[in-house]
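A.B. asks: Input file: model-v6.txt. Contents: compact mmCIF, C-alpha atoms.
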```txt
# COMPACT_ATOMS: atom_id res chain seq x y z
CA MET A 195 -143.59 31.25 94.13
CA ALA A 196 -146.51 28.85 94.60
CA ALA A 197 -145.62 28.42 98.27
CA GLU A 198 -145.50 32.20 98.73
CA SER A 199 -148.93 32.57 97.07
CA GLU A 200 -150.40 29.87 99.31
CA LYS A 201 -148.89 31.55 102.37
CA MET A 202 -150.66 34.82 101.47
CA LYS A 203 -153.97 33.04 101.00
CA THR A 204 -153.80 31.42 104.42
CA GLY A 205 -153.45 34.87 105.99
CA SER A 206 -150.10 34.27 107.66
CA GLY A 207 -147.78 37.15 108.39
CA LYS A 208 -147.09 39.81 110.98
CA LEU A 209 -150.62 41.24 110.70
CA LYS A 210 -152.54 37.98 110.55
CA GLY A 211 -156.16 38.45 111.56
CA LYS A 212 -155.95 42.26 111.81
CA PHE A 213 -158.48 44.72 110.40
CA ALA A 214 -156.97 47.85 108.85
CA LEU A 215 -158.14 51.12 107.31
CA VAL A 216 -155.65 53.06 105.21
CA THR A 217 -156.71 56.55 104.12
CA GLY A 218 -155.42 58.06 100.91
CA SER A 219 -154.76 54.58 99.55
CA ASN A 220 -155.78 54.88 95.92
CA THR A 221 -152.22 55.71 94.84
CA GLY A 222 -148.61 55.90 96.00
CA ILE A 223 -147.61 55.22 99.58
CA GLY A 224 -151.12 54.51 100.81
CA ARG A 225 -151.89 52.00 98.09
CA GLU A 226 -148.64 50.09 98.62
CA THR A 227 -149.21 50.11 102.37
CA ALA A 228 -152.66 48.57 101.91
CA LEU A 229 -151.18 45.90 99.65
CA GLU A 230 -148.32 45.14 102.06
CA PHE A 231 -150.75 44.89 104.98
CA ALA A 232 -152.67 42.29 103.02
CA ARG A 233 -149.47 40.41 102.19
CA GLN A 234 -148.86 40.30 105.94
CA GLY A 235 -152.29 38.78 106.63
CA ALA A 236 -154.58 41.76 107.28
CA ASP A 237 -158.02 42.49 105.87
CA VAL A 238 -157.90 46.03 104.49
CA VAL A 239 -160.29 48.86 103.64
CA LEU A 240 -158.95 51.44 101.23
CA HIS A 241 -160.04 55.06 100.89
CA TYR A 242 -160.09 57.27 97.82
CA PRO A 243 -161.19 60.93 97.54
CA TYR A 244 -162.48 61.05 93.96
CA SER A 245 -161.54 58.45 91.33
CA SER A 246 -161.91 54.83 92.43
CA ASP A 247 -159.95 53.15 89.59
CA ASP A 248 -156.61 52.55 91.33
CA ALA A 249 -158.28 51.70 94.64
CA VAL A 250 -160.54 49.12 93.00
CA ASP A 251 -157.52 47.58 91.27
CA ALA A 252 -155.77 47.29 94.65
CA VAL A 253 -158.88 45.73 96.19
CA GLU A 254 -158.88 43.06 93.47
CA LYS A 255 -155.22 42.31 94.13
CA ILE A 256 -155.87 41.98 97.87
CA ARG A 257 -158.83 39.69 97.34
CA SER A 258 -156.67 37.51 95.10
CA MET A 259 -154.45 36.99 98.16
CA GLY A 260 -157.43 35.53 99.99
CA ARG A 261 -157.96 38.63 102.16
CA ARG A 262 -161.13 40.70 102.48
CA SER A 263 -160.98 44.19 101.03
CA ALA A 264 -163.19 47.08 99.93
CA ALA A 265 -162.72 50.71 98.92
CA PHE A 266 -164.87 53.63 100.06
CA GLN A 267 -165.00 57.22 98.85
CA ALA A 268 -164.66 60.17 101.23
CA ASP A 269 -163.96 63.84 100.53
CA PHE A 270 -162.10 65.04 103.61
CA ASN A 271 -163.09 68.62 102.91
CA GLU A 272 -166.38 67.46 104.46
CA LEU A 273 -166.09 66.72 108.19
CA ASP A 274 -168.87 64.12 108.25
CA ALA A 275 -166.97 62.12 105.63
CA CYS A 276 -164.33 61.27 108.26
CA PHE A 277 -166.86 59.69 110.60
CA GLU A 278 -168.71 57.92 107.80
CA LEU A 279 -165.53 56.39 106.34
CA VAL A 280 -164.53 54.85 109.65
CA ASN A 281 -168.08 53.60 110.22
CA GLN A 282 -168.13 51.97 106.78
CA ALA A 283 -164.76 50.32 107.37
CA VAL A 284 -165.84 48.91 110.73
CA GLU A 285 -169.14 47.69 109.34
CA TYR A 286 -167.37 45.91 106.46
CA LEU A 287 -164.49 44.45 108.47
CA GLY A 288 -166.32 43.76 111.72
CA GLY A 289 -163.87 45.89 113.71
CA ILE A 290 -160.75 47.98 113.37
CA ASP A 291 -157.28 47.25 114.73
CA ILE A 292 -155.14 49.58 112.62
CA LEU A 293 -155.77 53.07 111.26
CA VAL A 294 -153.19 54.58 108.92
CA ASN A 295 -153.88 58.29 108.53
CA ASN A 296 -152.10 58.70 105.22
CA ALA A 297 -154.35 61.02 103.18
CA GLY A 298 -152.83 64.39 102.44
CA ILE A 299 -152.48 67.10 99.81
CA SER A 300 -149.72 69.56 99.01
CA VAL A 301 -150.22 72.92 97.32
CA SER A 302 -147.28 75.25 96.81
CA ASN A 303 -147.97 78.99 97.00
CA ASN A 304 -146.04 82.11 97.87
CA PHE A 305 -146.99 83.04 101.43
CA VAL A 306 -148.56 86.38 100.41
CA ASP A 307 -150.71 84.64 97.77
CA VAL A 308 -152.29 81.96 99.98
CA SER A 309 -156.06 82.33 100.05
CA PRO A 310 -158.25 81.46 103.05
CA GLU A 311 -159.91 78.80 100.89
CA THR A 312 -156.57 77.09 100.14
CA TYR A 313 -155.54 77.33 103.78
CA ASP A 314 -158.77 75.69 104.96
CA MET A 315 -158.62 72.95 102.32
CA ILE A 316 -155.07 71.86 103.22
CA TYR A 317 -155.71 71.90 106.96
CA ASN A 318 -159.03 70.09 106.52
CA VAL A 319 -157.51 67.24 104.52
CA ASN A 320 -154.09 66.98 106.16
CA MET A 321 -154.84 67.64 109.82
CA ARG A 322 -158.55 67.78 110.64
CA ALA A 323 -159.27 64.51 108.82
CA GLN A 324 -156.54 62.71 110.75
CA PHE A 325 -157.90 64.02 114.04
CA PHE A 326 -161.50 62.99 113.51
CA CYS A 327 -160.80 59.70 111.72
CA ALA A 328 -158.69 58.79 114.72
CA GLN A 329 -161.35 59.96 117.15
CA GLN A 330 -163.98 57.77 115.52
CA ALA A 331 -161.64 54.78 115.24
CA VAL A 332 -160.67 55.05 118.91
CA LYS A 333 -164.32 54.74 119.95
CA TYR A 334 -164.43 51.35 118.27
CA MET A 335 -160.94 50.27 119.39
CA ALA A 336 -161.71 51.03 123.03
CA ALA A 337 -165.00 49.13 122.88
CA GLN A 338 -163.30 46.07 121.35
CA LYS A 339 -161.18 45.63 124.49
CA ARG A 340 -158.12 44.74 122.42
CA LYS A 341 -155.10 46.70 121.43
CA GLY A 342 -155.21 49.14 118.55
CA VAL A 343 -152.69 51.05 116.46
CA ILE A 344 -152.83 54.49 114.85
CA ILE A 345 -150.14 55.62 112.42
CA ASN A 346 -150.12 59.26 111.32
CA THR A 347 -148.21 60.29 108.21
CA THR A 348 -146.28 63.53 108.60
CA SER A 349 -143.42 64.93 106.49
CA SER A 350 -139.87 66.22 106.60
CA HIS A 351 -141.44 69.63 105.90
CA ALA A 352 -142.40 69.63 109.58
CA HIS A 353 -138.73 70.18 110.48
CA ALA A 354 -136.96 71.53 107.40
CA SER A 355 -138.98 73.03 104.60
CA LEU A 356 -138.70 75.01 101.36
CA PRO A 357 -140.21 78.27 100.08
CA GLY A 358 -143.84 77.93 99.04
CA PHE A 359 -144.96 75.45 101.69
CA SER A 360 -146.11 77.77 104.48
CA VAL A 361 -149.49 76.03 104.81
CA TYR A 362 -148.43 72.45 104.06
CA ALA A 363 -145.46 72.57 106.45
CA GLY A 364 -147.73 73.90 109.18
CA THR A 365 -150.09 70.94 108.84
CA LYS A 366 -147.22 68.46 108.99
CA GLY A 367 -145.74 70.13 112.05
CA ALA A 368 -149.13 69.96 113.73
CA ILE A 369 -149.37 66.25 112.95
CA TRP A 370 -145.92 65.63 114.42
CA SER A 371 -146.82 67.31 117.74
CA TRP A 372 -150.36 65.96 117.88
CA THR A 373 -149.12 62.40 117.34
CA LYS A 374 -146.99 62.58 120.47
CA GLN A 375 -149.77 64.13 122.55
CA LEU A 376 -152.34 61.58 121.40
CA ALA A 377 -149.94 58.73 122.12
CA VAL A 378 -149.70 59.78 125.76
CA GLU A 379 -153.48 60.06 126.06
CA LEU A 380 -154.31 56.71 124.44
CA ALA A 381 -151.47 54.51 125.70
CA PRO A 382 -153.31 53.62 128.95
CA LEU A 383 -156.14 52.27 126.76
CA GLY A 384 -153.76 49.90 124.99
CA ILE A 385 -153.87 51.97 121.80
CA ARG A 386 -150.44 52.78 120.40
CA VAL A 387 -149.99 55.97 118.37
CA ASN A 388 -146.91 56.66 116.29
CA GLY A 389 -146.05 58.75 113.27
CA LEU A 390 -144.24 58.08 110.04
CA CYS A 391 -142.15 60.68 108.23
CA PRO A 392 -141.36 59.67 104.63
CA GLY A 393 -138.57 61.26 102.68
CA TRP A 394 -138.74 61.93 98.96
CA ILE A 395 -140.65 58.90 97.67
CA LYS A 396 -141.11 58.03 94.01
CA VAL A 397 -144.89 58.30 93.53
CA GLU A 398 -147.13 58.85 90.53
CA SER A 399 -148.04 62.44 91.36
CA TYR A 400 -144.44 63.65 90.93
CA PHE A 401 -144.37 62.39 87.34
CA GLN A 402 -147.66 64.21 86.71
CA ASP A 403 -147.02 67.47 88.56
CA ILE A 404 -143.28 68.17 88.23
CA PRO A 405 -141.94 69.06 84.76
CA ASP A 406 -139.08 66.81 83.62
CA PHE A 407 -139.19 64.84 86.86
CA ASP A 408 -136.22 62.46 86.90
CA PRO A 409 -135.55 60.23 89.96
CA THR A 410 -132.03 59.45 88.71
CA THR A 411 -130.95 63.08 89.11
CA ILE A 412 -132.61 63.41 92.52
CA GLY A 413 -131.07 60.25 93.97
CA PRO A 414 -127.52 61.64 94.32
CA LEU A 415 -128.89 64.53 96.41
CA ILE A 416 -129.99 62.03 99.06
CA PRO A 417 -127.31 60.57 101.38
CA TYR A 418 -128.40 57.00 100.56
CA GLN A 419 -128.07 57.86 96.85
CA ARG A 420 -131.58 56.94 95.76
CA MET A 421 -135.15 58.10 96.03
CA GLY A 422 -137.40 56.03 98.23
CA GLU A 423 -140.00 53.63 96.90
CA PRO A 424 -143.54 53.24 98.29
CA ILE A 425 -142.61 49.76 99.54
CA ASP A 426 -139.94 51.33 101.80
CA ILE A 427 -142.68 53.19 103.64
CA ALA A 428 -145.15 50.29 103.50
CA LYS A 429 -142.69 48.00 105.28
CA ALA A 430 -142.11 50.65 107.94
CA CYS A 431 -145.87 50.84 108.44
CA VAL A 432 -146.02 47.08 108.93
CA PHE A 433 -143.37 47.40 111.63
CA LEU A 434 -145.31 50.14 113.41
CA ALA A 435 -148.57 48.19 113.12
CA SER A 436 -147.20 44.86 114.29
CA ALA A 437 -146.18 43.36 117.62
CA ASP A 438 -142.55 43.99 116.64
CA SER A 439 -143.02 47.60 117.81
CA ASP A 440 -145.23 46.89 120.80
CA TYR A 441 -143.25 49.16 123.16
CA LEU A 442 -142.88 51.97 120.63
CA VAL A 443 -145.27 54.76 121.64
CA GLY A 444 -145.32 58.43 120.63
CA HIS A 445 -142.45 58.11 118.19
CA VAL A 446 -142.17 59.56 114.67
CA LEU A 447 -140.23 57.14 112.51
CA VAL A 448 -138.22 58.96 109.84
CA VAL A 449 -137.70 56.92 106.66
CA ASP A 450 -135.87 59.26 104.32
CA GLY A 451 -132.51 57.85 103.25
CA GLY A 452 -130.73 60.30 105.53
CA THR A 453 -132.23 63.51 104.13
CA LEU A 454 -133.17 65.13 107.44
CA ALA A 455 -129.81 64.20 108.92
CA LYS A 456 -127.95 66.11 106.20
CA LEU A 457 -127.10 69.79 106.59
CA ALA A 458 -128.31 71.96 103.72
CA LEU A 459 -124.82 73.44 103.31
CA PRO A 460 -121.97 72.91 100.86
CA ASP A 461 -119.47 70.20 101.67
CA HIS A 462 -116.66 72.01 103.50
CA ARG A 463 -114.41 69.10 104.47
CA LYS A 464 -110.74 70.00 104.68
CA THR A 465 -108.15 67.98 102.87
CA LEU A 466 -104.89 67.03 104.56
CA GLU A 467 -103.12 69.45 102.23
CA ASN A 468 -105.33 72.34 103.36
CA GLU A 469 -104.78 71.51 107.00
CA GLU A 470 -101.03 71.61 106.48
```
Written as structure tokens, how would this file's structure read?
C.D. replies:
Amino acid sequence: MAAESEKMKTGSGKLKGKFALVTGSNTGIGRETALEFARQGADVVLHYPYSSDDAVDAVEKIRSMGRRSAAFQADFNELDACFELVNQAVEYLGGIDILVNNAGISVSNNFVDVSPETYDMIYNVNMRAQFFCAQQAVKYMAAQKRKGVIINTTSSHAHASLPGFSVYAGTKGAIWSWTKQLAVELAPLGIRVNGLCPGWIKVESYFQDIPDFDPTTIGPLIPYQRMGEPIDIAKACVFLASADSDYLVGHVLVVDGGTLAKLALPDHRKTLENEE
């Protein structure tokens, strides 16, 4: 354990010497990704939209690893907040090598009840913020004359959704397509763009927002027989951010325990007796 702690403090790992910004990193997937980046040697800026408590706690943990870290507030309903967040991260870190566009919100409404205000809010946070955070980060990455990485978080709702997600699913589909287009545009600059599609991950918001939420009953519905953990996605982000995926460009990595691969139909396998 002591050797592992010393290893973290020396900044060794797959992301040694890298500067990263992870949006939506005060809780859940984003927070664990920021922590895992630090474990792999990166200096990390975290982002939170409103309350700073969990982000500040993560910053303290990262600093205890011997890495530099700070957390900045940005409300992505405001366009200028996207530019300012990236500027603050670059000023603090001295550059930016990795941007993880993880921030996102989900609101479930019947299609006929969706208001223009709700529509704008979800698109602003989920899609517009990714676009303009990336745009600002690319200006710095290109000027640094070294390779950069952008990882955009999408969702399985982009390909197979449920009633009530007409707005949310649209944002995630847009991210999926935009990620591929941006990858083609930025690859000649040495900037790799990929996406990450998490499955059903066990995060704090589900316990708060879903009555009687129970991961043990959800697990058997997933082919791999368990819900995902934030660390499952964080490790995938490390892969996409590191030299291990250097030739991976314009790909959306699905990490969902087999959910998207499974047909939403009853099991209709025939037994030998039925066939006879």
A.B. asks: Go through A:Ala331, A:Ala323, A:Ala283, A:Ile256 and flag the residue nearest Gln234 (chain A), using all atoms listed in the file for the distances.
C.D. replies: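 The closest residue to Gln234 (chain A) is A:Ile256.
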A.B. asks: Report as JSON, numbers by chain all protein, DNA and RNA residues lying within 12 Å of Leu383 (chain A), evaluated on all atoms listed in the file, omitting residues in the same chain fewer than 4 positions from it.
C.D. replies: {"A": [332, 333, 334, 335, 336, 337, 338, 339, 340, 341, 342, 343, 376, 377, 378, 379, 387]}
A.B. asks: Can you work out which one of A:Ser371, A:Tyr418, A:Leu240, A:Arg322 has the shortest atom-to-atom distance to Cys276 (chain A), counting only C-alpha atoms?
C.D. replies: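 The closest residue to Cys276 (chain A) is A:Arg322.
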A.B. asks: Quick one: of A:Gln282, A:Thr348, A:Gln267, A:Ser258, who's nearest to Asn220 (chain A), counting all atoms listed in the file?
C.D. replies: A:Gln267
A.B. asks: So, with all atoms listed in the file as the atoms that count, which of A:Ser350, A:Asn388, A:Asn320, A:Ser219 lies closest to Thr365 (chain A)?
C.D. replies: A:Asn320
A.B. asks: Which residue out of A:Ser436, A:Gln419, A:Asn346, A:Gln375 has the minimum interatomic distance to Lys212 (chain A) when all atoms listed in the file are used?
C.D. replies: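 Of all the options, A:Ser436 lies closest to Lys212 (chain A).
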A.B. asks: Considering all atoms listed in the file, state which residue in the set A:Asp274, A:Glu230, A:Val306, A:Tyr244 is at the smallest distance from Gly358 (chain A).
C.D. replies: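 Under the stated criterion, the closest residue is A:Val306.
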A.B. asks: List as a list in words the protein and nucleic acid residues near Ala264 (chain A), meaning an atom at most 9 Å away when all atoms listed in the file are counted, but skip any in the same chain fewer than 6 places from it.
C.D. replies: Val238, Val239, Leu240, His241, Ala249, Val250, Val253, Glu254, Arg257, Ala283 and Tyr286 of chain A
A.B. asks: Dump as a list in words all residues having an atom at most 8 Å from (-154.0, 52.7, 110.8), computed in the file's coordinates with all atoms listed in the file.
C.D. replies: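 I get Ala214, Leu215, Val216, Asp291, Ile292, Leu293, Val294, Asn295, Val343, Ile344, Ile345, Asn346 and Ala435 of chain A for the residues within 8 Å of that point.
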A.B. asks: May I ask for the distance between CA of Ile416 (chain A) and CA of Thr453 (chain A), given in Å to one decimal place?
C.D. replies: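 Taking CA of Ile416 (chain A) and CA of Thr453 (chain A), their separation equals 5.7 Å.
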A.B. asks: Quick one: what's the axis-aligned box for region 205-222 of chain A, all listed atoms, 8 Å on every side, centre and edges in Å to one decimal, as JSON?
C.D. replies:
```
{"center_x": -152.8, "center_y": 46.2, "center_z": 103.3, "size_x": 27.4, "size_y": 39.8, "size_z": 33.0}
```
A.B. asks: Would you work out the distance separating CA of Tyr242 (chain A) from CA of Glu398 (chain A), expressed in Å to one decimal?
C.D. replies: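 These atoms are spaced 15.0 Å apart.
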A.B. asks: Interatomic distance between CA of Phe277 (chain A) and CA of Ala328 (chain A)?
C.D. replies: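 Separation between CA of Phe277 (chain A) and CA of Ala328 (chain A): 9.2 Å.
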A.B. asks: I'd like the neighbourhood of Ala232 (chain A) as a VMD selection string, where a residue qualifies if any of its atoms comes within 9 Å (using all atoms listed in the file), though same-chain residues fewer than 3 positions away should be ignored.
C.D. replies: chain A and resid 202 205 207 209 to 210 227 to 229 235 to 238 256 to 257 259 to 263
A.B. asks: Please list as a compact mmCIF listing (two decimals) with C-alpha atoms, keeping the file's coordinate frame every residue within 7 Å of Met321 (chain A), counting only C-alpha atoms and excluding residues in the same chain fewer than 4 positions away.
C.D. replies:
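New file result.txt:
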```
# COMPACT_ATOMS: atom_id res chain seq x y z
CA TYR A 317 -155.71 71.90 106.96
CA PHE A 325 -157.90 64.02 114.04
CA THR A 365 -150.09 70.94 108.84
CA ILE A 369 -149.37 66.25 112.95
```
